[in-house]
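Novice: If it helps, the file is called structure_10.txt and holds compact mmCIF, C-alpha atoms:
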# COMPACT_ATOMS: atom_id res chain seq x y z
CA MET A 1 36.80 37.24 6.08
CA ASN A 2 38.54 37.43 9.39
CA ILE A 3 42.21 36.83 9.91
CA LEU A 4 41.74 33.45 11.58
CA SER A 5 40.03 32.02 8.56
CA LEU A 6 43.20 32.66 6.56
CA PHE A 7 44.89 30.10 8.74
CA GLY A 8 42.02 27.69 8.40
CA LYS A 9 41.38 27.82 12.15
CA ARG A 10 37.80 28.88 11.83
CA GLY A 11 35.33 27.98 9.09
CA GLU A 12 33.37 30.67 7.28
CA SER A 13 30.06 29.26 8.43
CA ALA A 14 30.69 29.94 12.12
CA SER A 15 31.15 33.65 11.53
CA VAL A 16 28.00 33.70 9.43
CA ALA A 17 26.22 32.03 12.35
CA LYS A 18 27.51 34.60 14.83
CA ASN A 19 26.52 37.48 12.60
CA ARG A 20 23.02 36.10 12.05
CA LEU A 21 22.52 35.59 15.78
CA GLN A 22 23.70 39.09 16.62
CA ILE A 23 21.24 40.67 14.21
CA LEU A 24 18.39 38.42 15.25
CA LEU A 25 18.90 38.79 19.00
CA ALA A 26 19.27 42.57 18.79
CA HIS A 27 15.82 42.65 17.17
CA GLU A 28 14.30 40.09 19.51
CA ARG A 29 15.51 41.80 22.67
CA ALA A 30 14.03 45.08 21.50
CA ASP A 31 10.87 43.56 20.06
CA ASP A 32 7.66 44.89 21.54
CA GLY A 33 5.39 43.67 18.77
CA SER A 34 5.61 47.04 17.01
CA ASP A 35 6.71 45.51 13.70
CA ALA A 36 3.51 43.53 13.41
CA VAL A 37 1.37 46.56 14.33
CA LEU A 38 3.26 48.74 11.86
CA ILE A 39 2.84 46.23 9.04
CA SER A 40 -0.85 45.80 9.81
CA ASN A 41 -1.47 49.54 9.77
CA LEU A 42 0.62 50.09 6.66
CA ARG A 43 -1.23 47.35 4.88
CA GLU A 44 -4.57 48.96 5.63
CA ASP A 45 -3.36 52.38 4.51
CA ILE A 46 -1.99 50.95 1.27
CA LEU A 47 -5.16 48.95 0.65
CA ALA A 48 -7.26 52.10 1.08
CA VAL A 49 -5.14 54.04 -1.42
CA VAL A 50 -5.02 51.29 -4.03
CA ALA A 51 -8.73 50.55 -3.62
CA LYS A 52 -9.48 54.06 -4.88
CA ARG A 53 -8.20 53.06 -8.34
CA PHE A 54 -8.59 49.31 -8.47
CA ASP A 55 -11.03 46.76 -7.26
CA ILE A 56 -8.57 44.53 -5.41
CA ASP A 57 -8.71 41.46 -3.24
CA PRO A 58 -7.34 42.34 0.24
CA ASP A 59 -5.29 39.14 0.13
CA SER A 60 -3.47 40.33 -2.99
CA VAL A 61 -1.47 42.91 -1.05
CA ARG A 62 1.65 41.38 0.47
CA LEU A 63 4.05 43.22 2.74
CA GLU A 64 7.42 41.71 3.49
CA MET A 65 9.98 42.94 5.94
CA ASP A 66 13.68 42.14 5.83
CA ARG A 67 15.82 43.18 8.78
CA SER A 68 19.54 43.35 8.28
CA GLY A 69 22.17 44.80 10.58
CA ASP A 70 21.69 48.49 9.82
CA VAL A 71 18.63 48.72 7.62
CA THR A 72 15.22 47.18 7.46
CA THR A 73 13.62 46.96 4.06
CA LEU A 74 9.94 46.73 3.33
CA GLY A 75 8.69 45.02 0.19
CA ILE A 76 5.18 45.73 -1.02
CA ASP A 77 3.69 43.38 -3.57
CA ILE A 78 0.28 44.25 -5.01
CA GLU A 79 -1.44 42.03 -7.50
CA LEU A 80 -3.62 44.22 -9.72
CA PRO A 81 -6.85 42.85 -11.15
CA SER A 82 -6.03 43.86 -14.75
CA ALA A 83 -2.75 41.95 -14.56
CA ARG A 84 -4.60 38.93 -13.26
CA ALA A 85 -7.18 39.05 -16.07
CA SER A 86 -4.66 39.18 -18.89
CA MET B 1 -7.00 23.45 -5.42
CA SER B 2 -4.57 21.29 -3.53
CA ASN B 3 -5.37 18.81 -0.83
CA ALA B 4 -2.20 18.58 1.17
CA THR B 5 -0.76 15.64 3.01
CA VAL B 6 -0.03 16.84 6.55
CA VAL B 7 3.06 15.27 8.12
CA VAL B 8 4.14 15.77 11.73
CA VAL B 9 7.84 15.49 12.59
CA THR B 10 7.97 14.40 16.20
CA SER B 11 10.19 12.61 18.75
CA GLY B 12 9.33 13.34 22.36
CA LYS B 13 12.94 14.00 23.22
CA GLY B 14 14.56 17.34 22.44
CA GLY B 15 17.70 17.84 20.41
CA VAL B 16 17.40 14.75 18.24
CA GLY B 17 16.95 16.64 14.97
CA LYS B 18 13.26 17.40 14.48
CA THR B 19 13.81 20.91 13.19
CA THR B 20 16.74 19.88 10.97
CA THR B 21 14.58 17.05 9.61
CA THR B 22 11.56 19.31 9.03
CA ALA B 23 13.64 21.86 7.11
CA ALA B 24 15.46 19.17 5.09
CA ILE B 25 12.31 17.23 4.17
CA ALA B 26 10.28 20.36 3.34
CA SER B 27 13.07 21.71 1.10
CA ALA B 28 13.62 18.37 -0.64
CA LEU B 29 9.87 18.12 -1.38
CA ALA B 30 9.89 21.68 -2.73
CA LYS B 31 12.86 20.80 -4.93
CA GLU B 32 10.68 18.07 -6.43
CA GLY B 33 8.27 20.83 -7.46
CA TYR B 34 5.57 20.45 -4.80
CA GLN B 35 3.97 23.40 -3.02
CA VAL B 36 5.27 22.99 0.52
CA CYS B 37 4.64 24.72 3.83
CA ALA B 38 6.71 24.05 6.96
CA VAL B 39 4.89 24.96 10.18
CA ASP B 40 6.73 25.62 13.44
CA PHE B 41 4.65 24.48 16.43
CA ASP B 42 7.32 25.26 19.01
CA VAL B 43 5.52 28.26 20.48
CA GLY B 44 7.81 30.23 22.78
CA LEU B 45 11.00 28.70 21.38
CA ARG B 46 10.80 28.96 17.62
CA ASN B 47 13.85 27.94 15.64
CA LEU B 48 12.67 26.62 12.30
CA ASP B 49 12.92 30.19 10.93
CA LEU B 50 16.60 30.27 11.87
CA ILE B 51 17.36 26.85 10.38
CA MET B 52 15.59 27.84 7.16
CA GLY B 53 17.33 31.23 7.05
CA ALA B 54 14.09 33.23 7.21
CA GLU B 55 14.49 34.77 10.66
CA ARG B 56 14.95 38.33 9.40
CA ARG B 57 11.68 38.28 7.53
CA VAL B 58 9.25 37.03 10.17
CA VAL B 59 6.51 39.53 10.96
CA PHE B 60 3.42 37.50 11.86
CA ASP B 61 3.25 34.00 13.28
CA LEU B 62 1.03 31.00 13.97
CA VAL B 63 -0.45 32.57 17.11
CA ASN B 64 -1.34 35.80 15.25
CA VAL B 65 -3.17 33.64 12.72
CA VAL B 66 -4.96 31.54 15.36
CA ARG B 67 -6.08 34.72 17.12
CA GLY B 68 -7.27 36.29 13.87
CA GLU B 69 -4.70 39.11 14.03
CA ALA B 70 -3.27 38.20 10.62
CA SER B 71 -4.35 36.05 7.71
CA ILE B 72 -2.39 32.91 6.85
CA LYS B 73 -1.23 34.49 3.60
CA GLN B 74 0.15 37.47 5.51
CA ALA B 75 2.00 35.25 7.96
CA LEU B 76 3.58 32.87 5.43
CA VAL B 77 7.23 33.64 4.74
CA ARG B 78 8.35 32.64 1.27
CA ASP B 79 11.73 30.97 0.97
CA LYS B 80 14.40 33.06 -0.75
CA ARG B 81 15.68 30.20 -2.88
CA LEU B 82 12.59 28.16 -3.68
CA ASP B 83 9.44 30.12 -4.45
CA ASN B 84 7.19 27.10 -3.78
CA LEU B 85 8.49 26.70 -0.21
CA PHE B 86 6.88 28.60 2.67
CA LEU B 87 7.30 28.85 6.41
CA LEU B 88 4.60 29.53 8.98
CA PRO B 89 6.66 30.62 11.99
CA ALA B 90 5.88 29.93 15.63
CA SER B 91 5.30 32.78 18.02
CA GLN B 92 7.73 33.85 20.74
CA THR B 93 4.93 34.33 23.27
CA ARG B 94 5.27 32.82 26.73
CA ASP B 95 1.52 32.20 26.88
CA LYS B 96 1.18 28.41 27.02
CA ASP B 97 -2.46 28.48 26.00
CA ALA B 98 -1.84 30.59 22.90
CA LEU B 99 -2.78 27.69 20.64
CA THR B 100 -6.28 26.28 20.70
CA GLU B 101 -7.47 23.07 19.14
CA GLU B 102 -10.08 24.87 17.01
CA GLY B 103 -7.54 27.48 15.95
CA VAL B 104 -5.02 24.87 14.84
CA ALA B 105 -7.75 22.89 13.05
CA SER B 106 -8.75 25.90 11.00
CA VAL B 107 -5.13 26.81 10.16
CA ILE B 108 -4.37 23.26 9.01
CA ASN B 109 -7.58 23.11 6.97
CA GLU B 110 -6.72 26.33 5.19
CA LEU B 111 -3.13 25.21 4.54
CA ARG B 112 -4.49 21.99 3.03
CA MET B 113 -6.14 24.08 0.32
CA TYR B 114 -2.99 25.94 -0.71
CA PHE B 115 -0.29 23.27 -0.48
CA ASP B 116 0.63 19.73 -1.52
CA TRP B 117 2.62 19.08 1.63
CA VAL B 118 2.37 20.61 5.10
CA ILE B 119 5.25 19.60 7.37
CA CYS B 120 4.65 20.31 11.07
CA ASP B 121 7.69 20.67 13.31
CA SER B 122 6.64 19.48 16.76
CA PRO B 123 8.13 20.85 19.98
CA ALA B 124 9.82 18.37 22.32
CA GLY B 125 7.80 16.90 25.16
CA ILE B 126 4.25 15.61 25.29
CA GLU B 127 2.53 18.86 26.27
CA ARG B 128 -0.04 20.88 24.37
CA GLY B 129 2.26 22.07 21.59
CA ALA B 130 3.36 18.53 20.76
CA THR B 131 -0.14 17.06 20.88
CA LEU B 132 -1.52 19.90 18.73
CA ALA B 133 1.28 19.48 16.17
CA MET B 134 0.28 15.83 15.65
CA ARG B 135 -3.47 16.33 16.14
CA TYR B 136 -4.48 16.81 12.48
CA ALA B 137 -1.60 14.99 10.79
CA ASP B 138 -2.13 12.36 8.11
CA GLU B 139 1.30 10.79 8.59
CA ALA B 140 4.12 10.98 11.14
CA ILE B 141 7.88 11.01 10.86
CA ILE B 142 9.35 9.86 14.16
CA VAL B 143 12.89 11.08 14.70
CA SER B 144 15.17 9.04 16.94
CA ASN B 145 18.85 8.93 17.74
CA PRO B 146 20.30 5.44 18.21
CA GLU B 147 20.32 6.01 21.93
CA VAL B 148 18.18 4.51 24.73
CA SER B 149 16.37 7.57 26.08
CA SER B 150 15.52 8.82 22.61
CA VAL B 151 14.07 5.43 21.58
CA ARG B 152 12.03 5.21 24.76
CA ASP B 153 10.56 8.68 24.22
CA CYS B 154 9.66 7.75 20.64
CA ASP B 155 7.71 4.82 22.02
CA ARG B 156 5.66 7.21 24.16
CA ILE B 157 5.05 9.40 21.14
CA ILE B 158 3.90 6.42 19.06
CA GLY B 159 1.38 5.71 21.81
CA LEU B 160 0.07 9.27 21.56
CA LEU B 161 -0.09 9.11 17.75
CA ASP B 162 -2.30 6.02 18.11
CA ALA B 163 -4.56 7.57 20.75
CA LYS B 164 -4.71 11.34 20.70
CA THR B 165 -4.84 12.24 17.02
CA LYS B 166 -7.89 12.90 14.88
CA THR B 167 -6.99 9.91 12.71
CA ALA B 168 -6.87 7.60 15.75
CA GLU B 169 -10.11 8.95 17.18
CA ASP B 170 -11.81 8.34 13.85
CA GLY B 171 -10.73 4.70 14.11
CA GLY B 172 -7.85 4.98 11.66
CA ARG B 173 -4.21 4.10 12.08
CA MET B 174 -1.72 6.82 11.29
CA PRO B 175 1.06 5.78 8.92
CA LYS B 176 4.40 6.24 10.68
CA HIS B 177 7.94 6.47 9.41
CA LEU B 178 11.10 6.15 11.46
CA MET B 179 13.99 8.50 10.78
CA ILE B 180 17.19 7.62 12.63
CA THR B 181 19.53 10.59 12.91
CA ARG B 182 23.10 11.08 14.11
CA TYR B 183 23.95 7.53 13.15
CA ASP B 184 27.54 6.38 13.33
CA THR B 185 28.12 3.30 11.17
CA GLU B 186 31.48 2.50 12.74
CA ARG B 187 30.20 2.55 16.29
CA ALA B 188 27.14 0.49 15.36
CA LYS B 189 29.45 -2.04 13.69
CA THR B 190 31.61 -2.40 16.78
CA GLY B 191 28.51 -2.76 18.93
CA ASP B 192 28.92 0.51 20.77
CA MET B 193 25.76 2.00 19.37
CA LEU B 194 22.28 0.66 18.71
CA ALA B 195 22.07 -0.45 15.08
CA THR B 196 19.19 0.60 12.82
CA ASP B 197 17.69 -2.90 13.00
CA ASP B 198 17.69 -2.75 16.80
CA VAL B 199 15.72 0.50 16.79
CA VAL B 200 13.30 -0.76 14.11
CA ASP B 201 12.79 -3.99 16.11
CA ILE B 202 11.99 -2.16 19.29
CA LEU B 203 9.68 0.48 17.83
CA SER B 204 8.14 -1.63 15.04
CA VAL B 205 7.93 1.36 12.75
CA PRO B 206 9.24 1.09 9.17
CA LEU B 207 12.43 2.95 8.44
CA ILE B 208 12.25 5.94 6.10
CA GLY B 209 15.87 7.02 6.38
CA VAL B 210 19.12 6.91 8.31
CA VAL B 211 20.99 10.19 8.59
CA PRO B 212 24.63 9.74 9.50
CA GLU B 213 26.32 12.00 12.02
CA SER B 214 27.64 14.71 9.74
CA LYS B 215 29.55 17.95 10.06
CA ASP B 216 27.44 19.36 7.25
CA VAL B 217 24.36 19.57 9.48
CA LEU B 218 25.96 22.16 11.78
CA LYS B 219 27.44 24.02 8.81
CA ALA B 220 24.02 24.20 7.17
CA SER B 221 22.38 25.51 10.33
CA ASN B 222 25.15 28.10 10.75
CA VAL B 223 24.30 29.66 7.42
CA GLY B 224 20.55 29.09 7.56
CA LEU B 225 20.23 26.66 4.69
CA PRO B 226 18.36 23.37 5.06
CA VAL B 227 20.95 20.63 4.59
CA THR B 228 19.19 19.36 1.45
CA LEU B 229 19.79 22.77 -0.16
CA SER B 230 23.25 23.55 1.17
CA ASP B 231 25.23 20.60 -0.16
CA GLU B 232 23.59 17.94 -2.31
CA ASN B 233 26.58 15.68 -1.97
CA SER B 234 26.72 15.64 1.79
CA PRO B 235 25.72 12.28 3.31
CA ALA B 236 23.00 13.92 5.41
CA SER B 237 21.52 15.60 2.35
CA LYS B 238 21.55 12.31 0.42
CA ALA B 239 19.86 10.51 3.31
CA TYR B 240 17.07 13.11 3.51
CA THR B 241 16.59 13.18 -0.25
CA GLU B 242 16.24 9.39 -0.27
CA ALA B 243 13.77 9.58 2.61
CA VAL B 244 11.65 12.01 0.62
CA ARG B 245 11.52 9.60 -2.31
CA ARG B 246 10.18 6.97 0.09
CA LEU B 247 7.68 9.47 1.50
CA LEU B 248 6.51 9.99 -2.07
CA GLY B 249 5.87 6.27 -2.33
CA GLU B 250 8.98 4.97 -4.07
CA ASN B 251 10.07 1.56 -2.92
CA ILE B 252 13.84 1.87 -2.61
CA PRO B 253 16.13 0.15 -0.10
CA VAL B 254 17.41 2.25 2.80
CA THR B 255 21.08 3.02 2.47
CA ILE B 256 23.33 4.78 4.93
CA PRO B 257 25.31 7.41 3.03
CA GLU B 258 28.83 7.75 4.40
CA GLU B 259 30.92 10.76 5.22
CA LYS B 260 33.61 11.43 2.64
CA LYS B 261 36.87 9.76 3.52
CA SER B 262 39.52 12.04 4.92
CA LEU B 263 42.60 12.76 2.84
CA PHE B 264 44.42 10.21 4.97
CA GLY B 265 41.76 7.55 4.29
CA LYS B 266 41.78 8.33 0.58
CA PHE B 267 45.54 7.98 0.43
CA PHE B 268 45.44 4.51 1.92
CA LYS B 269 42.45 3.48 -0.13
CA GLY B 270 44.34 4.65 -3.19
CA ARG B 271 47.38 2.63 -2.18
CA ALA B 272 45.37 -0.49 -1.55
CA ALA B 273 43.63 -0.37 -4.90
Could you write out this file's structure as structure tokens?

Specialist:
Amino acid sequence: MNILSLFGKRGESASVAKNRLQILLAHERADDGSDAVLISNLREDILAVVAKRFDIDPDSVRLEMDRSGDVTTLGIDIELPSARAS
Amino acid sequence: MSNATVVVVTSGKGGVGKTTTTAAIASALAKEGYQVCAVDFDVGLRNLDLIMGAERRVVFDLVNVVRGEASIKQALVRDKRLDNLFLLPASQTRDKDALTEEGVASVINELRMYFDWVICDSPAGIERGATLAMRYADEAIIVSNPEVSSVRDCDRIIGLLDAKTKTAEDGGRMPKHLMITRYDTERAKTGDMLATDDVVDILSVPLIGVVPESKDVLKASNVGLPVTLSDENSPASKAYTEAVRRLLGENIPVTIPEEKKSLFGKFFKGRAA
């Protein structure tokens, strides 16, 4: 909360908007398509490793990225065939 | 297996509320329990991700899918609040020919299999992006402000919907719904703004909803929540939720939800009662 909001001069939502834009634009200005390439490559590597143990559908591996101000998190979601059968 | 209804949200003119409407309608449908996908066709200037609060999680986009660089399932971004709501983001590429008719046809056909509703957010204008957004639609929501240039542009768009879409070419007539946004009841009453009936008369398209000018719309976009998810009691949210009931086939009269009275108004209303 910034000091202005204490006086009711500025709504909370505007500072959320500014923060979201700053994070987004920092990523967009620096974006050279490397995120997509990274995710693609990672996905193939992970598929290869998992395929050694399980017979999986390539579509059942989901990778999700979440960029925040300082850190980017990567979520990997793999649906295993045994789980699907049960 | 689903067989989705594909709806294009279009207007011709920019800034009338297509993206706000797409996000609000898609979210309201998802709240009803349907599997919903919102597709951003505004290649080069995507914004639906920002309005839906998914901008940090976009990796692949519509153009990647059309070019075969990613599968649809990889490109879909799941909503954080509703797990039956998905976004297919537009690309930021400057390449105007990034979308092809065949590519879009195959994306829409695949989405039809996974979802109940596919809501396509059209870019402004009547160029390739706009014509491709409407190309494979089953129904259209035409967004207009009660303002002369917006109404005129809607008329052009209606012409395109009746000529350049797959439905029209197959001899069909695309069902159309008119959504009037940024409506000010007071100004319409005093005759300073086109009234809903005026716009309906001119365009001859049945009304699906009237969204009043509301502060909540900007607040919702600030925080990245579709207005139908951010505040159920806001007039804009009520208007969109009602519109969705009509889209689902309910026959209910169109009302114009009003902004809450200010403290001042309440005081006098209280005194008068």

Novice: Please find the residues of chain B near chain A - the criterion being any atom within 6 Å, counting all atoms listed in the file - and write them as a count of residues only.

Specialist: 6

Novice: CA of Glu258 (chain B) and CA of Leu29 (chain B), how far apart in Å?

Specialist: 22.4 Å

Novice: Could you name the residues that touch Thr100 (chain B) at 12 Å or less, counting all atoms listed in the file, but leaving out those on the same chain fewer than 2 positions away, as a list of chain:residue names?

Specialist: B:Phe41, B:Val43, B:Leu62, B:Val63, B:Val65, B:Val66, B:Arg67, B:Asp95, B:Lys96, B:Asp97, B:Ala98, B:Glu102, B:Gly103, B:Val104, B:Ala105, B:Ser106, B:Val107, B:Arg128, B:Gly129, B:Thr131, B:Leu132, B:Ala133, B:Arg135

Novice: Record the distance separating CA of Ala48 (chain A) and CA of Gln74 (chain B), expressed in Å with one decimal.

Specialist: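 Answer for the CA of Ala48 (chain A) to CA of Gln74 (chain B) separation: 17.0 Å.
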
Novice: Could you check how far CA of Arg29 (chain A) sits from CA of Leu42 (chain A), in Å to one decimal?

Specialist: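 Here the two named atoms are 23.4 Å from each other.
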
Novice: Which residues are close to Ser237 (chain B), i.e. within 12 Å by all atoms listed in the file, leaving aside same-chain residues fewer than 3 positions away? Reply as a ChimeraX atom specification.

Specialist: /B:20-21,23-25,27-28,181,209-217,220,225-234,240-244,256-259

Novice: Residues near Cys120 (chain B), anyone? I mean within 7 Å using only C-alpha atoms, not counting same-chain ones fewer than 4 positions away, as a list in words.

Specialist: Val7, Val8, Val9, Ala38, Val39, Asp40, Phe41 and Ala133 of chain B
